[in-house]
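Taking it in order: structure first as structure tokens, then the write-up.
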Amino acid sequence: GENVEQHPSTLSVQEGDSAVIKCTYSDSASNYFPWYKQELGKGPQLIIDIRSNVGEKKDQRIAVTLNKTAKHFSLHITETQPEDSAVYFCAVPLQSYKYIFGTGTRLKVLA
Amino acid sequence: GAVVSQHPSWVICKSGTSVKIECRSLDFQATTMFWYRQFPKQSLMLMATSNEGSKATYEQGVEKDKFLINHASLTLSTLTVTSAHPEDSSFYICSAYETGTYGYTFGSGTRLTVV
């Protein structure tokens, strides 16, 4: 079955620096790759996603890159701010529309 | 955008009682909803797939008689934790899939504490 690995598990950056989180998947048939942000005590919120027919997508300070050959995709956050502190999850959907989530990355932005 | 409303946001119940959690899609119809469980500092684990008008599909290891799921309409799915025990204490989250889109919308979660 599909296996999703996410690294790092924790990440601390200074305010204004960039943060990068990477996920590796195993099923080459996967074609949609979302990233979710989860704040304490809340449900995950979709922040950006990418389909397999593009290599990069950007939305203001957030970007996602996809390398289909290597089967990994990454979340890039530039000019980090304290409100970016949260847990970030990647996900890979199975053909049955179920999601397999990564193990999560706890991002701390230090002021 | 799509909105999923989940209630209650938190609940405390006594051991042995049952608790019902509701998940509603507010501005779209959801033929499929999903229920997840999340322990502290862990990822989301899929419990079951809720299908409108039919029986839910449970993941391996999830007791269907303990976690009752009802998806009676295109906008409402409920999860009932029956005979709750302290080990059932967790964060339960639902999500809904809107036909024609790719992303799932998640509810705000329910913190269940069984004492």
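Chain labels A, B, ... are given in the sequence in which chains occur in the structure tokens; within each chain residues are numbered consecutively from 1, and ligands are likewise numbered from 1 in the order shown.
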#### Entry: Residues flagged strand (DSSP E or B) by DSSP in chain B, as a PyMOL selection string
chain B and resi 4-7+10-13+19-25+32-38+45-51+57-58+67-73+76-81+90-97+104-106+110-114
### Task
Would you kindly return, as a list in words, each protein, DNA or RNA residue with an atom no farther than 8 Å from any atom of Thr105 in chain B, considering only C-alpha atoms and excluding same-chain residues fewer than 5 positions away?
Gln45 and Leu46 of chain A; Ala2, Val3, Val4, Ser95, Ala96 and Tyr97 of chain B
May I ask you to extract the residues of chain B within 7 Å of chain A, using only C-alpha atoms, and to give them as an mmCIF file with N, CA, C and O atoms, in the first residue's frame?
```cif
data_model
loop_
_atom_site.group_PDB
_atom_site.id
_atom_site.type_symbol
_atom_site.label_atom_id
_atom_site.label_comp_id
_atom_site.auth_asym_id
_atom_site.auth_seq_id
_atom_site.Cartn_x
_atom_site.Cartn_y
_atom_site.Cartn_z
ATOM 1 N N GLN B 42 0.282 13.248 17.322
ATOM 2 C CA GLN B 42 0.328 12.214 16.294
ATOM 3 C C GLN B 42 -0.455 12.654 15.067
ATOM 4 O O GLN B 42 -1.145 13.668 15.077
ATOM 5 N N SER B 43 -0.323 11.875 14.025
ATOM 6 C CA SER B 43 -1.004 12.203 12.778
ATOM 7 C C SER B 43 -2.459 11.751 12.828
ATOM 8 O O SER B 43 -2.909 11.151 13.803
ATOM 9 N N LEU B 44 -3.182 12.073 11.786
ATOM 10 C CA LEU B 44 -4.583 11.670 11.693
ATOM 11 C C LEU B 44 -4.664 10.230 11.201
ATOM 12 O O LEU B 44 -4.029 9.871 10.211
ATOM 13 N N ILE B 93 -12.027 13.986 14.193
ATOM 14 C CA ILE B 93 -12.165 14.977 13.127
ATOM 15 C C ILE B 93 -12.881 14.343 11.943
ATOM 16 O O ILE B 93 -12.563 13.211 11.561
ATOM 17 N N PHE B 106 -12.043 19.826 6.187
ATOM 18 C CA PHE B 106 -12.123 19.209 7.498
ATOM 19 C C PHE B 106 -12.992 20.019 8.452
ATOM 20 O O PHE B 106 -13.062 21.253 8.355
ATOM 21 N N GLY B 107 -13.635 19.302 9.354
ATOM 22 C CA GLY B 107 -14.324 19.964 10.448
ATOM 23 C C GLY B 107 -13.311 20.471 11.453
ATOM 24 O O GLY B 107 -12.108 20.200 11.337
ATOM 25 N N SER B 108 -13.802 21.173 12.451
ATOM 26 C CA SER B 108 -12.916 21.784 13.448
ATOM 27 C C SER B 108 -12.495 20.817 14.543
ATOM 28 O O SER B 108 -11.679 21.151 15.384
ATOM 29 N N GLY B 109 -13.060 19.597 14.510
ATOM 30 C CA GLY B 109 -12.643 18.591 15.476
ATOM 31 C C GLY B 109 -13.455 18.605 16.756
ATOM 32 O O GLY B 109 -14.049 19.611 17.137
#
```
### Task
Please indicate the distance in Å from CA of Ser18 in chain A to CA of His76 in chain A, rounded to one decimal place.
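Computing the Euclidean distance for CA of Ser18 in chain A and CA of His76 in chain A yields 7.2 Å.
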### Task
Compare A:Gly55, A:Pro8, A:Gly1, A:Pro82 by their minimum atom-to-atom distance to Val20 in chain A, counting only C-alpha atoms, and give me the closest one.
A:Pro8
### Message
List the spatial neighbours of Ser15 in chain B as a ChimeraX atom specification - criterion: any atom at most 9 Å away, only C-alpha atoms, same-chain residues fewer than 6 positions off excluded.
### Response
/B:83-86,114-115
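Residues with any atom within 9 Å of Tyr36 in chain B, counting only C-alpha atoms and excluding same-chain neighbours fewer than 6 positions away, are Leu44, Met45, Leu46, Met47, Ala48, Phe91, Tyr92, Ile93, Cys94 and Ser95 of chain B.
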Give me a file of those residues, with C-alpha atoms, as a CSV table (one decimal), in the first residue's frame.
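Final file, selection-v4.csv:
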```csv
chain,number,residue,atom,x,y,z
B,44,LEU,CA,-4.6,11.7,11.7
B,45,MET,CA,-5.7,8.1,11.5
B,46,LEU,CA,-8.6,7.2,9.3
B,47,MET,CA,-11.3,5.3,11.2
B,48,ALA,CA,-14.1,4.9,8.7
B,91,PHE,CA,-9.5,14.3,19.1
B,92,TYR,CA,-12.1,13.2,16.5
B,93,ILE,CA,-12.2,15.0,13.1
B,94,CYS,CA,-14.5,14.6,10.2
B,95,SER,CA,-13.9,15.6,6.6
```
### Task
Can you pull out every residue within 10 Å of Asp84 in chain A, counting only C-alpha atoms, but drop anything in the same chain fewer than 4 positions away, and send it as a VMD selection string?
chain A and resid 15 19 37 39 77 79 to 80 88 107 to 109
### Message
What's around Val62 in chain B at 12 Å? Count only C-alpha atoms, leave out sequence neighbours fewer than 4 positions away in its own chain, and write the answer as a list in words.
### Response
Trp35, Tyr36, Arg37, Met45, Leu46, Met47, Ala48, Thr49, Ala56, Thr57, Tyr58, Lys66, Phe67, Leu68, Ile69, Val81 and Asp88 of chain B
